[in-house]
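K.L.:
Sharing a structure, written as structure tokens. Questions coming.
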Amino acid sequence: MFTEQDYRNYFDELENIFKKALTIYTDLLNEIGDQSVRNKLHPLTLESSEAFRFIRTQKGNFSSKTT
């Protein structure tokens, strides 16, 4: 059985992974001049952004249920 701290650590790690990916995608989008490459990266950035928001929401929901 997982402890409350295990779940918090899990959500923190997931959040950090998506935050790093978003940072990389955003930096790439800002530096790339080739429109075709930008068009391919943009959906990846949107998906990562949505996943990041979902993780933060779930982390918040979990934290509010355990307190």
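In the structure tokens, the first chain shown is A, the next is B, and so on; residue numbers restart at 1 for each chain, and ligands run from 1 in the order shown.
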Residues near Ala21 of chain A, anyone? I mean within 12 Å using only C-alpha atoms, not counting same-chain ones fewer than 5 positions away, as a list in words.
P.N.:
Leu14, Glu15, Asn16, Thr26, Asp27, Leu28, Leu41, Leu44, Thr45, Leu46, Glu47, Ser48, Ser49, Ala51 and Phe52 of chain A
K.L.:
So that I can see what lies close to Arg8 of chain A, please list as a list in words the residues with an atom at most 9 Å from it, counting only C-alpha atoms and leaving out residues fewer than 3 positions away in the same chain.
P.N.:
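Listing them by chain and then by number gives Thr3, Glu4, Gln5, Phe11, Asp12, Glu13, Lys59, Phe62 and Ser63 of chain A.
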K.L.:
Keeping C-alpha atoms, export the residues of the selection given above as a JSON list (two decimals), in the first residue's frame.
P.N.:
```json
[["chain", "number", "residue", "atom", "x", "y", "z"],
["A", 3, "THR", "CA", 1.51, 6.14, 1.75],
["A", 4, "GLU", "CA", 0.30, 9.69, 1.35],
["A", 5, "GLN", "CA", 3.92, 10.82, 0.96],
["A", 11, "PHE", "CA", 2.79, 13.58, -8.47],
["A", 12, "ASP", "CA", 5.79, 15.84, -7.85],
["A", 13, "GLU", "CA", 7.95, 13.73, -10.14],
["A", 59, "LYS", "CA", -2.28, 16.52, -7.33],
["A", 62, "PHE", "CA", -5.41, 14.34, -3.93],
["A", 63, "SER", "CA", -3.94, 16.86, -1.51]]
```
K.L.:
Between A:Phe2, A:Lys19, A:Leu29, A:Ile24, which is the closest to Glu50 of chain A once you count only C-alpha atoms?
P.N.:
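Looking at the shortest contact to Glu50 of chain A, the residue is A:Lys19.
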K.L.:
May I have the residues within 10 Å of Arg38 of chain A as a ChimeraX atom specification, using only C-alpha atoms and disregarding those fewer than 5 positions away in the same chain?
P.N.:
/A:25,28-33,43
K.L.:
So how far away is atom CA of Thr23 of chain A from atom CA of Asn61 of chain A, in Å?
P.N.:
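One can read the atom CA of Asn61 of chain A to atom CA of Thr23 of chain A distance as 24.6 Å.
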K.L.:
To one decimal in Å, tell me the separation between atom CA of Asp34 of chain A and atom CA of Ile17 of chain A.
P.N.:
26.6 Å
